[in-house]
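Below is one structure, written out as structure tokens; the observations come after it.
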Amino acid sequence: MTSSTKSPILITGAAGFIGFHLAKRLLEQGESVTGLDNLNDYYDPALKQARLARLDSHPGFRFVRIDLADRAGMKSLFEESRFGKVVNLAAQAGVRYSLENPYAYIDSNVVGFLNILEGCRHTGVGHLVFASSSSVYGLNTKMPFSVHDNVDHPVSLYAATKKANELMAHTYAHLYGVPTTGLRFFTVYGPWGRPDMALFLFTRAILEGKPIDVFNHGRMRRDFTYIDDIIEGVVRVLDRVPGPDPDWSGDRPDPGTSPAPYRLYNIGNNNPVELMDFISAIERALGRTAKKTMLPLQPGDVPATYADVESLTEAVGFKPATPIEEGIRRFVAWYRDYYGVA
């Protein structure tokens, strides 16, 4: 551990895609970071171990293997460590997987999140930032999606658990004054990404000469957001502890703010891309053409996502802007290097 006098920052899901990048950034800034992960096998644990190996080289990093749903273990961790700030990125991810394994989502995303809230409450954590998801917009069709709009019609259990996180966090902000900020991430991609996400799946299949599954016959639109933009947003939000909104009114309740120390922000590229254009960018980066299997929209999926990031820009002076071509090019370069593919 580093000898820094700063309170350590807890990052849950530190062996995951976003958690790894955030931990790396904070460590490079001189912060002391405790990384928590249960290293489950939802996808290849070897990739998680490889991420952790790179974090372990920093003297300010400590890794703790605990499952969020372990109430006693989480209680002890918070009591012993006295974290200044917490970033909850651990979750059972994946929309389609939630159709087959619903209990995994309740254990991790609801029970686990309650353990985090309790830890923050009882040890005086200064700011809890937690990952929500663009999936909470569900059946909403008004574009772009705004944090000031109602989101009560999820179309997957994964989305429902993320909406539950927002409600639970607000309750703790209201009852106990725990400052909380929820971040709705929009289709994050980039180097060290998740193997179950489209960019990873498509890149691997194209390089192996296998067909790719193109859902909704390619008529999907996603607000693909590059990992560096996500991390910049998270770091800025982490330093901005929310206070009560003096203009909030119960007569016209704004879902994005509160009379409690609570805020919600979208983090998205604010520029939705057609799935076929996304695939074309991958083909150009790889110098190969994909074999495509056109399929209908899958249960739990939505046809389009598009983030209104005005509230984020106003709050922290930042707006994601990495072009899709550049982000995909960087991912492909990482993929070729990591897997040794010519």
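How things are named: the first chain in the structure tokens is A, the next is B, and so on; residues count from 1 in each chain; ligands count from 1 in the order shown.
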Considering only C-alpha atoms, return as a compact mmCIF listing (two decimals) with C-alpha atoms, in the first residue's frame whatever protein or nucleic-acid residues lie within 12 Å of Glu28 in chain A, sequence-local ones (same chain, fewer than 3 positions apart) excluded.
# COMPACT_ATOMS: atom_id res chain seq x y z
CA HIS A 21 -9.61 1.51 -16.50
CA LEU A 22 -10.89 3.66 -13.62
CA ALA A 23 -8.52 2.06 -11.11
CA LYS A 24 -5.60 2.60 -13.49
CA ARG A 25 -6.48 6.25 -13.97
CA GLU A 31 -4.81 7.87 -5.30
CA SER A 32 -4.90 4.84 -3.02
CA VAL A 33 -7.30 2.28 -4.51
CA LEU A 55 -3.04 -2.92 -11.52
CA SER A 57 2.20 -3.20 -10.35
CA HIS A 58 1.02 0.02 -8.68
CA PRO A 59 2.08 0.40 -5.02
CA GLY A 60 -1.20 2.16 -4.18
CA PHE A 61 -3.38 -0.79 -5.23
Restrict the calculation to only C-alpha atoms, then for each residue of range 132-201 of chain A with any atom at most 10 Å from an atom of range 94-117 of chain A give the closest atom pair and their distance in Å to one decimal, rows by chain and rising residue number, as a Markdown table.
| residue | atom | partner | partner_atom | distance |
| --- | --- | --- | --- | --- |
| A:Ser135 | CA | A:Val95 | CA | 8.4 |
| A:Val155 | CA | A:Val95 | CA | 9.2 |
| A:Ser156 | CA | A:Val95 | CA | 6.3 |
| A:Leu157 | CA | A:Ser98 | CA | 6.0 |
| A:Tyr158 | CA | A:Val95 | CA | 5.7 |
| A:Ala159 | CA | A:Val95 | CA | 7.5 |
| A:Ala160 | CA | A:Tyr105 | CA | 9.6 |
| A:Thr161 | CA | A:Asn109 | CA | 6.0 |
| A:Lys162 | CA | A:Asn109 | CA | 7.3 |
| A:Ala164 | CA | A:Val110 | CA | 7.2 |
| A:Asn165 | CA | A:Val110 | CA | 6.8 |
| A:Met168 | CA | A:Leu114 | CA | 7.6 |
| A:Ala169 | CA | A:Leu117 | CA | 7.2 |
| A:Thr171 | CA | A:Leu117 | CA | 9.8 |
| A:Tyr172 | CA | A:Leu117 | CA | 7.1 |
| A:Ala173 | CA | A:Leu117 | CA | 9.5 |
| A:Val178 | CA | A:Leu117 | CA | 8.3 |
| A:Thr180 | CA | A:Leu117 | CA | 9.5 |
| A:Asp196 | CA | A:Gly94 | CA | 7.9 |
| A:Met197 | CA | A:Gly94 | CA | 8.6 |
Print the selection's residues with N, CA and C atoms to a file, as an mmCIF file, in the first residue's frame.
data_model
loop_
_atom_site.group_PDB
_atom_site.id
_atom_site.type_symbol
_atom_site.label_atom_id
_atom_site.label_comp_id
_atom_site.auth_asym_id
_atom_site.auth_seq_id
_atom_site.Cartn_x
_atom_site.Cartn_y
_atom_site.Cartn_z
ATOM 1 N N SER A 135 -30.036 1.024 -20.224
ATOM 2 C CA SER A 135 -31.137 0.065 -20.355
ATOM 3 C C SER A 135 -32.347 0.462 -19.517
ATOM 4 N N VAL A 155 -37.410 -3.383 -19.907
ATOM 5 C CA VAL A 155 -37.761 -4.559 -20.720
ATOM 6 C C VAL A 155 -36.833 -5.744 -20.445
ATOM 7 N N SER A 156 -36.021 -5.652 -19.390
ATOM 8 C CA SER A 156 -35.209 -6.800 -18.953
ATOM 9 C C SER A 156 -35.036 -6.703 -17.445
ATOM 10 N N LEU A 157 -34.779 -7.840 -16.808
ATOM 11 C CA LEU A 157 -34.534 -7.817 -15.362
ATOM 12 C C LEU A 157 -33.256 -7.039 -15.052
ATOM 13 N N TYR A 158 -32.256 -7.140 -15.931
ATOM 14 C CA TYR A 158 -31.026 -6.349 -15.748
ATOM 15 C C TYR A 158 -31.382 -4.865 -15.611
ATOM 16 N N ALA A 159 -32.201 -4.359 -16.537
ATOM 17 C CA ALA A 159 -32.610 -2.956 -16.490
ATOM 18 C C ALA A 159 -33.379 -2.652 -15.208
ATOM 19 N N ALA A 160 -34.245 -3.572 -14.800
ATOM 20 C CA ALA A 160 -35.025 -3.371 -13.578
ATOM 21 C C ALA A 160 -34.125 -3.275 -12.353
ATOM 22 N N THR A 161 -33.048 -4.067 -12.302
ATOM 23 C CA THR A 161 -32.134 -3.996 -11.154
ATOM 24 C C THR A 161 -31.378 -2.669 -11.140
ATOM 25 N N LYS A 162 -31.068 -2.136 -12.319
ATOM 26 C CA LYS A 162 -30.376 -0.849 -12.375
ATOM 27 C C LYS A 162 -31.302 0.286 -11.939
ATOM 28 N N ALA A 164 -33.709 -0.191 -9.850
ATOM 29 C CA ALA A 164 -33.791 -0.418 -8.406
ATOM 30 C C ALA A 164 -32.606 0.222 -7.688
ATOM 31 N N ASN A 165 -31.416 0.132 -8.261
ATOM 32 C CA ASN A 165 -30.234 0.769 -7.664
ATOM 33 C C ASN A 165 -30.446 2.270 -7.512
ATOM 34 N N MET A 168 -32.893 2.793 -4.630
ATOM 35 C CA MET A 168 -32.263 2.473 -3.347
ATOM 36 C C MET A 168 -31.282 3.573 -2.942
ATOM 37 N N ALA A 169 -30.479 4.032 -3.900
ATOM 38 C CA ALA A 169 -29.499 5.081 -3.613
ATOM 39 C C ALA A 169 -30.192 6.370 -3.182
ATOM 40 N N THR A 171 -33.043 6.623 -1.690
ATOM 41 C CA THR A 171 -33.560 6.416 -0.340
ATOM 42 C C THR A 171 -32.476 6.660 0.708
ATOM 43 N N TYR A 172 -31.278 6.153 0.462
ATOM 44 C CA TYR A 172 -30.183 6.338 1.422
ATOM 45 C C TYR A 172 -29.686 7.781 1.452
ATOM 46 N N ALA A 173 -29.744 8.453 0.304
ATOM 47 C CA ALA A 173 -29.400 9.878 0.284
ATOM 48 C C ALA A 173 -30.422 10.673 1.100
ATOM 49 N N VAL A 178 -26.424 10.139 2.649
ATOM 50 C CA VAL A 178 -25.294 9.585 1.905
ATOM 51 C C VAL A 178 -25.269 10.238 0.520
ATOM 52 N N THR A 180 -24.936 10.511 -3.188
ATOM 53 C CA THR A 180 -24.865 9.468 -4.207
ATOM 54 C C THR A 180 -25.088 10.054 -5.595
ATOM 55 N N ASP A 196 -18.342 -10.379 -24.154
ATOM 56 C CA ASP A 196 -19.734 -10.620 -24.530
ATOM 57 C C ASP A 196 -20.354 -9.437 -25.264
ATOM 58 N N MET A 197 -19.585 -8.382 -25.453
ATOM 59 C CA MET A 197 -20.105 -7.195 -26.134
ATOM 60 C C MET A 197 -19.866 -7.285 -27.642
#
Backbone DSSP call of alpha helix (DSSP H) for range 51-266 of chain A, listed as a PyMOL selection string: chain A and resi 51-55+71-81+97-100+102-105+112-123+157-176+198-207+227-238
Measuring between only C-alpha atoms, which one of A:Ala50, A:Ile18, A:Ile324, A:Ala307 shows the shortest distance to Tyr338 in chain A? A:Ala50
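Compared by their closest atoms to Asn38 in chain A, and using only C-alpha atoms, the residues A:Ala14, A:Leu207, A:Leu26, A:Ile230 rank with A:Ala14 nearest.
For the atom pair formed by CA of Asp213 in chain A and CA of Phe200 in chain A, the distance is 12.5 Å, given to one decimal.
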So which residues touch Val302 in chain A within 9 Å, counting only C-alpha atoms, skipping near sequence neighbours fewer than 3 positions away, as a list of chain:residue names? A:Ser135, A:Gly138, A:Leu139, A:Val155, A:Met220, A:Leu297, A:Gln298, A:Pro299, A:Thr305
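Across the model, the gap from CA of Lys85 in chain A to CA of Thr225 in chain A is 24.6 Å.
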